[in-house]
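Coordinates as given in data-v7.tsv (TSV, C-alpha atoms):
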```tsv
chain	number	residue	atom	x	y	z
A	252	MET	CA	27.28	87.33	4.77
A	253	HIS	CA	24.82	85.35	2.68
A	254	SER	CA	26.45	83.01	0.20
A	255	THR	CA	24.64	84.62	-2.74
A	256	ASP	CA	26.31	87.94	-1.92
A	257	ARG	CA	29.80	86.48	-2.27
A	258	PRO	CA	31.91	86.03	-5.43
A	259	ARG	CA	31.00	82.90	-7.38
A	260	ILE	CA	33.43	79.97	-7.31
A	261	ASP	CA	34.13	78.55	-10.77
A	262	ARG	CA	36.24	75.66	-12.02
A	263	ARG	CA	39.36	77.85	-12.19
A	264	ASP	CA	39.02	78.65	-8.48
A	265	ILE	CA	38.56	74.99	-7.67
A	266	ASP	CA	41.58	73.95	-9.74
A	267	LYS	CA	43.72	76.60	-8.04
A	268	ALA	CA	42.62	75.42	-4.59
A	269	ALA	CA	43.40	71.84	-5.63
A	270	GLU	CA	46.91	72.90	-6.60
A	271	ASP	CA	47.43	74.97	-3.45
A	272	LEU	CA	46.00	72.48	-0.95
A	273	LYS	CA	46.88	69.08	-2.40
A	274	ASN	CA	48.28	66.78	0.31
A	275	TRP	CA	48.76	63.72	-1.90
A	276	GLY	CA	51.94	61.89	-0.93
A	277	LYS	CA	52.42	63.95	2.25
A	278	TRP	CA	52.20	60.83	4.41
A	279	GLY	CA	53.49	58.42	1.79
A	280	GLU	CA	52.18	57.02	-1.47
A	281	ASP	CA	50.23	54.29	0.35
A	282	ASP	CA	48.49	56.53	2.89
A	283	GLN	CA	44.76	56.03	3.47
A	284	LEU	CA	44.25	58.25	6.53
A	285	GLY	CA	44.93	61.78	5.33
A	286	THR	CA	44.83	64.47	8.00
A	287	LEU	CA	44.03	61.92	10.71
A	288	ASN	CA	47.81	61.44	10.66
A	289	TYR	CA	48.15	64.81	12.38
A	290	THR	CA	46.96	63.43	15.75
A	291	SER	CA	49.92	61.99	17.64
A	292	ALA	CA	50.07	59.77	20.72
A	293	GLU	CA	51.25	62.81	22.68
A	294	ASP	CA	48.15	64.72	21.50
A	295	ILE	CA	45.91	61.97	22.86
A	296	ILE	CA	47.73	61.96	26.22
A	297	ARG	CA	47.26	65.73	26.49
A	298	ALA	CA	43.62	65.42	25.48
A	299	ALA	CA	43.03	63.01	28.35
A	300	THR	CA	44.03	65.76	30.79
A	301	LEU	CA	41.07	67.83	29.56
A	302	VAL	CA	38.66	65.53	31.42
A	303	ARG	CA	37.73	67.77	34.36
A	304	GLN	CA	34.25	66.58	35.39
A	305	GLY	CA	34.02	63.05	34.05
A	306	LYS	CA	30.92	64.18	32.17
A	307	VAL	CA	30.13	62.38	28.92
A	308	ILE	CA	27.99	64.08	26.26
A	309	SER	CA	26.78	62.21	23.20
A	310	LEU	CA	26.96	64.25	20.00
A	311	GLY	CA	24.92	61.77	17.96
A	312	LEU	CA	21.28	61.48	17.02
A	313	ASN	CA	19.41	58.30	17.86
A	314	PHE	CA	19.22	56.02	14.84
A	315	ASP	CA	15.49	55.57	14.27
A	316	ASN	CA	12.67	56.42	11.89
A	317	ASN	CA	12.47	59.98	13.22
A	318	GLY	CA	15.85	60.89	11.73
A	319	PRO	CA	16.78	63.53	9.16
A	320	GLN	CA	15.87	61.38	6.15
A	321	ALA	CA	12.19	61.75	7.09
A	322	GLY	CA	12.09	65.39	5.97
A	323	ARG	CA	11.28	66.60	2.49
A	324	SER	CA	14.54	67.17	0.65
A	325	LYS	CA	15.65	69.51	-2.13
A	326	PHE	CA	18.55	67.18	-2.87
A	327	PRO	CA	18.26	64.54	-5.61
A	328	PRO	CA	17.64	61.13	-4.00
A	329	VAL	CA	20.81	59.11	-3.44
A	330	GLY	CA	19.19	56.11	-1.79
A	331	ARG	CA	19.48	57.25	1.82
A	332	PHE	CA	16.69	56.48	4.25
A	333	ASN	CA	16.22	56.38	8.00
A	334	PRO	CA	17.35	53.18	9.76
A	335	ILE	CA	15.10	50.16	9.49
A	336	HIS	CA	15.04	48.25	12.76
A	337	THR	CA	13.09	45.02	13.06
A	338	MET	CA	13.03	42.13	15.50
A	339	LEU	CA	14.10	38.56	14.80
A	340	ARG	CA	12.90	37.24	18.19
A	341	THR	CA	10.93	39.02	20.89
A	342	GLY	CA	9.81	38.77	24.47
A	343	THR	CA	6.30	38.04	23.30
A	344	ASP	CA	7.69	35.08	21.36
A	345	ALA	CA	9.38	33.83	24.52
A	346	TYR	CA	6.25	34.38	26.61
A	347	SER	CA	4.17	32.37	24.14
A	348	GLY	CA	6.61	29.47	24.34
A	349	VAL	CA	8.66	29.98	21.18
A	350	LEU	CA	12.26	28.96	21.89
A	351	ASP	CA	15.33	29.01	19.66
A	352	LYS	CA	17.11	25.75	18.79
A	353	ARG	CA	19.19	26.01	21.96
A	354	GLY	CA	16.10	26.23	24.10
A	355	MET	CA	16.91	29.81	25.13
A	356	ARG	CA	14.38	32.52	25.85
A	357	SER	CA	15.80	35.62	24.19
A	358	ALA	CA	15.35	38.61	21.90
A	359	ASP	CA	17.33	39.44	18.77
A	360	ASP	CA	17.10	42.09	16.07
A	361	ILE	CA	18.47	43.44	12.80
A	362	VAL	CA	19.23	46.97	11.58
A	363	ILE	CA	19.51	48.15	7.97
A	364	ILE	CA	21.22	51.51	7.86
A	365	PRO	CA	22.73	53.79	5.20
A	366	SER	CA	26.13	54.84	6.48
A	367	GLN	CA	25.33	58.56	6.14
A	368	CYS	CA	21.68	58.70	7.18
A	369	ALA	CA	22.29	60.52	10.48
A	370	THR	CA	25.39	61.41	12.56
A	371	HIS	CA	28.37	60.10	10.58
A	372	TRP	CA	31.85	60.46	9.18
A	373	ASP	CA	32.38	60.93	5.45
A	374	GLY	CA	35.24	58.60	4.55
A	375	LEU	CA	38.07	59.46	2.16
A	376	ALA	CA	36.54	57.29	-0.59
A	377	HIS	CA	33.28	59.27	-0.52
A	378	ILE	CA	34.12	62.15	-2.89
A	379	PHE	CA	36.20	62.18	-6.08
A	380	PHE	CA	38.07	64.99	-7.80
A	381	ASP	CA	37.65	64.18	-11.47
A	382	ASN	CA	38.76	60.52	-11.66
A	383	HIS	CA	40.70	60.38	-8.39
A	384	MET	CA	40.08	60.09	-4.69
A	385	TRP	CA	42.33	60.87	-1.73
A	386	ASN	CA	46.07	60.43	-2.33
A	387	GLY	CA	45.60	60.13	-6.09
A	388	TYR	CA	43.99	56.70	-6.09
A	389	ASP	CA	41.83	55.86	-9.10
A	390	CYS	CA	38.14	56.34	-8.39
A	391	ARG	CA	37.50	52.92	-10.00
A	392	GLU	CA	39.00	51.36	-6.88
A	393	VAL	CA	35.57	51.99	-5.37
A	394	SER	CA	33.40	49.32	-6.96
A	395	SER	CA	30.21	47.45	-6.17
A	396	PHE	CA	32.30	45.47	-3.67
A	397	GLY	CA	33.21	48.67	-1.78
A	398	ALA	CA	36.37	50.75	-1.52
A	399	ALA	CA	39.58	48.83	-2.14
A	400	ARG	CA	41.41	51.98	-0.98
A	401	ASN	CA	40.44	54.57	1.64
A	402	GLY	CA	37.77	52.33	3.20
A	403	ILE	CA	36.52	53.56	6.55
A	404	GLU	CA	38.00	50.48	8.27
A	405	GLN	CA	41.45	52.05	7.80
A	406	THR	CA	40.51	54.57	10.52
A	407	LYS	CA	39.43	52.15	13.24
A	408	GLU	CA	42.18	53.27	15.66
A	409	LYS	CA	41.67	56.96	14.95
A	410	PHE	CA	39.16	59.67	15.89
A	411	VAL	CA	40.48	60.10	19.44
A	412	GLY	CA	42.07	63.34	20.60
A	413	ARG	CA	41.43	66.95	21.58
A	414	GLY	CA	38.04	68.24	20.54
A	415	VAL	CA	37.39	71.96	20.13
A	416	LEU	CA	33.93	73.49	19.81
A	417	LEU	CA	33.34	76.80	18.05
A	418	ASP	CA	29.81	77.85	19.00
A	419	LEU	CA	29.12	80.50	16.36
A	420	PRO	CA	25.47	81.41	17.10
A	421	ARG	CA	26.20	81.78	20.81
A	422	TYR	CA	29.17	84.01	20.00
A	423	LEU	CA	27.00	86.15	17.69
A	424	GLY	CA	24.08	86.28	20.13
A	425	LEU	CA	21.76	84.23	17.93
A	426	ASP	CA	19.69	81.10	18.44
A	427	TRP	CA	21.01	79.79	15.12
A	428	LEU	CA	22.74	81.06	12.03
A	429	PRO	CA	20.39	81.88	9.15
A	430	GLU	CA	20.20	79.70	6.08
A	431	GLY	CA	22.77	80.66	3.46
A	432	PHE	CA	25.09	82.24	6.07
A	433	ALA	CA	28.69	81.85	4.89
A	434	ILE	CA	31.15	81.15	7.72
A	435	THR	CA	34.38	82.98	6.93
A	436	THR	CA	37.92	82.61	8.23
A	437	GLU	CA	37.53	85.98	9.93
A	438	LEU	CA	34.52	84.70	11.88
A	439	LEU	CA	36.35	81.52	12.88
A	440	ASP	CA	39.30	83.53	14.19
A	441	SER	CA	37.15	86.00	16.10
A	442	CYS	CA	35.11	83.20	17.70
A	443	CYS	CA	38.32	81.46	18.79
A	444	GLU	CA	39.51	84.69	20.41
A	445	ALA	CA	36.18	85.32	22.15
A	446	GLN	CA	36.05	81.77	23.51
A	447	GLY	CA	39.70	81.83	24.58
A	448	VAL	CA	40.55	78.71	22.62
A	449	LYS	CA	43.14	77.91	19.95
A	450	VAL	CA	42.71	75.40	17.14
A	451	GLY	CA	45.87	73.50	16.30
A	452	THR	CA	47.54	70.46	14.84
A	453	GLY	CA	45.72	67.18	15.38
A	454	ASP	CA	42.55	68.74	16.82
A	455	PHE	CA	39.03	67.57	16.04
A	456	LEU	CA	37.16	70.77	15.23
A	457	LEU	CA	33.40	70.89	15.87
A	458	ILE	CA	31.46	73.88	14.57
A	459	ARG	CA	27.92	74.62	15.76
A	460	THR	CA	25.56	76.58	13.51
A	461	GLY	CA	22.35	75.80	15.40
A	462	GLN	CA	20.52	74.60	12.27
A	463	MET	CA	19.59	71.35	13.98
A	464	GLU	CA	17.93	73.27	16.82
A	465	GLU	CA	16.06	75.30	14.21
A	466	LYS	CA	14.64	72.07	12.81
A	467	PHE	CA	13.81	70.78	16.29
A	468	ALA	CA	11.94	74.03	17.00
A	469	ALA	CA	9.99	73.68	13.76
A	470	GLY	CA	9.21	70.05	14.54
A	471	SER	CA	10.26	68.99	11.06
A	472	TRP	CA	13.38	67.99	9.13
A	473	ASP	CA	11.95	69.47	5.92
A	474	GLY	CA	14.69	71.15	3.88
A	475	TYR	CA	17.53	69.90	6.07
A	476	ASN	CA	18.86	67.39	3.55
A	477	GLY	CA	20.33	69.36	0.67
A	478	GLY	CA	18.40	72.52	1.47
A	479	ASP	CA	19.68	76.00	2.25
A	480	ALA	CA	21.96	76.01	5.28
A	481	PRO	CA	24.63	77.99	7.09
A	482	GLY	CA	28.05	76.56	6.46
A	483	MET	CA	31.69	76.94	5.60
A	484	ALA	CA	32.75	79.40	2.92
A	485	PHE	CA	35.15	78.06	0.30
A	486	GLU	CA	37.97	80.20	1.71
A	487	THR	CA	37.95	78.25	5.00
A	488	LEU	CA	39.69	75.34	3.28
A	489	TYR	CA	42.90	77.36	3.45
A	490	TRP	CA	42.30	78.08	7.15
A	491	LEU	CA	41.78	74.40	7.91
A	492	GLN	CA	44.92	73.50	5.99
A	493	ASP	CA	46.91	76.04	7.96
A	494	LYS	CA	45.53	74.81	11.30
A	495	GLN	CA	46.32	71.17	10.41
A	496	VAL	CA	43.16	69.83	12.05
A	497	ALA	CA	42.63	66.07	12.04
A	498	ALA	CA	38.94	66.29	11.12
A	499	VAL	CA	36.09	68.79	11.07
A	500	ALA	CA	32.44	68.18	11.93
A	501	MET	CA	29.26	70.26	11.99
A	502	ASP	CA	25.56	70.08	12.85
A	503	THR	CA	24.42	70.52	9.26
A	504	TRP	CA	23.75	68.08	6.44
A	505	GLY	CA	26.81	69.00	4.39
A	506	CYS	CA	29.16	71.35	6.32
A	507	GLU	CA	29.51	73.87	3.49
A	508	VAL	CA	27.18	76.81	2.96
A	509	ARG	CA	24.08	76.30	0.86
A	510	PRO	CA	23.21	77.74	-1.58
A	511	ASN	CA	26.77	76.96	-2.60
A	512	GLU	CA	29.06	79.84	-3.56
A	513	SER	CA	29.74	78.17	-6.90
A	514	VAL	CA	28.52	78.94	-10.38
A	515	GLU	CA	25.71	76.90	-11.88
A	516	GLY	CA	26.74	73.34	-12.64
A	517	ILE	CA	29.17	72.98	-9.71
A	518	SER	CA	27.70	71.43	-6.58
A	519	GLN	CA	29.40	71.19	-3.18
A	520	PRO	CA	32.80	72.64	-4.26
A	521	TRP	CA	34.12	72.65	-0.66
A	522	HIS	CA	33.69	68.85	-0.63
A	523	TRP	CA	35.70	68.55	-3.85
A	524	ILE	CA	38.79	69.93	-2.11
A	525	CYS	CA	38.28	68.91	1.52
A	526	ILE	CA	38.05	65.13	1.09
A	527	PRO	CA	39.90	64.01	-2.07
A	528	ILE	CA	42.52	66.77	-2.25
A	529	MET	CA	43.32	67.58	1.40
A	530	GLY	CA	42.43	64.17	2.82
A	531	LEU	CA	40.38	65.90	5.52
A	532	THR	CA	37.67	63.68	7.00
A	533	MET	CA	34.44	65.54	7.69
A	534	GLY	CA	31.60	64.74	10.05
A	535	GLU	CA	28.02	65.73	9.41
A	536	ILE	CA	24.72	65.87	11.33
A	537	PHE	CA	26.44	66.16	14.73
A	538	LYS	CA	24.17	67.17	17.62
A	539	LEU	CA	26.02	69.99	19.34
A	540	ASP	CA	23.40	71.86	21.39
A	541	VAL	CA	24.03	70.20	24.76
A	542	LEU	CA	27.80	70.46	24.36
A	543	GLY	CA	27.44	74.16	23.55
A	544	GLU	CA	25.43	74.77	26.71
A	545	GLU	CA	27.94	72.93	28.88
A	546	CYS	CA	30.95	74.69	27.36
A	547	ALA	CA	29.25	78.05	27.92
A	548	LYS	CA	28.70	77.20	31.60
A	549	THR	CA	32.29	76.22	32.25
A	550	GLY	CA	34.00	78.59	29.81
A	551	ALA	CA	36.10	75.65	28.54
A	552	TYR	CA	35.66	74.85	24.86
A	553	ASP	CA	38.08	71.93	24.57
A	554	PHE	CA	37.62	68.34	25.75
A	555	LEU	CA	38.52	64.73	25.11
A	556	PHE	CA	36.87	63.63	21.89
A	557	VAL	CA	36.20	59.96	21.08
A	558	ALA	CA	34.31	59.04	17.90
A	559	PRO	CA	35.53	55.83	16.24
A	560	ALA	CA	34.00	54.73	12.97
A	561	LEU	CA	32.49	51.28	12.58
A	562	PRO	CA	35.22	49.28	10.80
A	563	VAL	CA	33.03	48.14	7.92
A	564	THR	CA	35.46	46.89	5.30
A	565	GLY	CA	35.26	48.97	2.14
A	566	ALA	CA	32.65	51.41	3.44
A	567	VAL	CA	32.86	55.04	2.30
A	568	GLY	CA	31.31	56.42	5.49
A	569	SER	CA	30.21	55.33	8.93
A	570	PRO	CA	27.37	56.02	11.39
A	571	ILE	CA	28.78	57.01	14.78
A	572	ASN	CA	27.95	58.03	18.34
A	573	PRO	CA	30.63	60.68	18.96
A	574	LEU	CA	31.43	61.53	22.58
A	575	ALA	CA	32.74	64.69	24.19
A	576	ILE	CA	34.19	63.87	27.62
A	577	LEU	CA	34.47	66.93	29.86
```
Could I get this structure in the form of structure tokens?
Amino acid sequence: MHSTDRPRIDRRDIDKAAEDLKNWGKWGEDDQLGTLNYTSAEDIIRAATLVRQGKVISLGLNFDNNGPQAGRSKFPPVGRFNPIHTMLRTGTDAYSGVLDKRGMRSADDIVIIPSQCATHWDGLAHIFFDNHMWNGYDCREVSSFGAARNGIEQTKEKFVGRGVLLDLPRYLGLDWLPEGFAITTELLDSCCEAQGVKVGTGDFLLIRTGQMEEKFAAGSWDGYNGGDAPGMAFETLYWLQDKQVAAVAMDTWGCEVRPNESVEGISQPWHWICIPIMGLTMGEIFKLDVLGEECAKTGAYDFLFVAPALPVTGAVGSPINPLAIL
């Protein structure tokens, strides 16, 4: 169903969801990991047994000037741009006789990169609910120096466990879901049943919509950032809470359906609850086409998932190269 055909979410609905789904204090008053706590050592050991072929599939885009930030966007600018990569020393320098102070012939480079410009995790300091972030911390603890609480470095030993892919367009017989398509809990359940896979506690849930392949086919990222997109309906927050997943990631810019289901003046309501209220880390701009093809061949939709964040102290997100190991 298109998002515009669904009931509008207003502030009362958001406040009720915040009351129903609030996980503050669940893992202690000092917790900075949220639902990543769900993944246990035993879960990781079991996930390792899912390696059947020794095949490694990257779920990340290359970080270069051809990334998603190159497309025309309907979203107000927030300072994101594609990575800037430049050389400090090159092979042509070495060939021409330029040596560093140690007398070495070498190359070196530098990268300037917004943490959420391409494949990334949204950290728990990224979104606020009113004046608070995850676990009730004051939003002012994120300053110009970075996040004093909920910084992405807190997660540096996390993001390893059982990955589960729900390939929705393949299940529905489509190349990709249309823009504005609202993914419902009913669709998630029926896809799980069709794929013969269960989503449970501590899992890393990956959901393919095919929007990235749509942009590849068009040869342009135009409209991808902040534009209309298939994505999660507001109701799925309750489903994710019930399943106790560690994190959720998708191949779209913002995971939730766009146009949003909310009334005018409320943007990205799913984010409001997912990150600061539930403590659920979300991943965005994951490349899931190759994984979908491989899972369809084997009929196995679960795998070892490894996707650590860069432990940048105080960062509110992190670029990543997530891996599915089959």
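Between CA of Pro481 in chain A and CA of Ser254 in chain A there is a distance of 8.7 Å.
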Check your understanding: Hey, can you pull every residue with an atom no more than 6 Å from (20.9, 68.7, 6.9), using all atoms listed in the file, and send it as a count of residues only?
Key -> 4
Check your understanding: So what do you get for CA of Tyr289 in chain A versus CA of Asn572 in chain A, distance-wise?
Key -> 22.1 Å
Review point. Leaving out Trp385 in chain A and any residue of its chain fewer than 4 positions from it, which residues lie within 8 Å of it when counting all atoms listed in the file, given as number ranges by chain?
Key: A: 275, 283, 285, 375-376, 379, 401, 526-530
Check your understanding: Between A:Thr564, A:Thr460, A:Gln405, A:Thr452, which one has atoms that come closest to Thr286 in chain A, using only C-alpha atoms?
Key ->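 Nearest candidate to Thr286 in chain A out of A:Thr564, A:Thr460, A:Gln405, A:Thr452: A:Thr452.
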Exercise for review: Compare A:Ala298, A:Ile571, A:Ile524, A:Leu287 by their minimum atom-to-atom distance to His383 in chain A, counting only C-alpha atoms, and give me the closest one.
Suggested key: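 Closest to His383 in chain A of all the choices is A:Ile524.
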Check your understanding: With distances taken over only C-alpha atoms, which of A:Ser347, A:Ser291, A:Ser394, A:Ser569 is nearest to Val411 in chain A?
Key ->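 Between A:Ser347, A:Ser291, A:Ser394, A:Ser569, the residue approaching Val411 in chain A most closely is A:Ser291.
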Review point. Could you pull the residues within 9 Å of Gly447 in chain A, counting only C-alpha atoms, minus those fewer than 5 positions along the same chain, as a PyMOL selection string?
Key: chain A and resi 442+550-552
Point to revise | Spatial neighbours of range 352-369 of chain A, max dist 9 Å, only C-alpha atoms, sep filter under 3 positions, as a PyMOL selection string | key: chain A and resi 311-314+318-320+330-342+344-346+348-349+372-373+504+535-537+566-571
Point to revise | Distance criterion (all atoms listed in the file): nearest to Gly543 in chain A out of A:Leu423, A:Leu417, A:Val499, A:Met483 | key: A:Leu417
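When all atoms listed in the file are used to measure the gap to Glu512 in chain A, the shortest distance among A:Asn382, A:Thr300, A:Gln495, A:Thr255 belongs to A:Thr255.
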Check your understanding: Any idea what's packed within 10 Å of Glu465 in chain A, counting all atoms listed in the file, ignoring anything in its chain fewer than 4 positions away? Could you give it as an MDAnalysis selection string?
Key -> chainID A and resid 426:429 460:461 469:472 475
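Distance-wise, CA of Cys525 in chain A and CA of Glu464 in chain A end up 25.8 Å apart.
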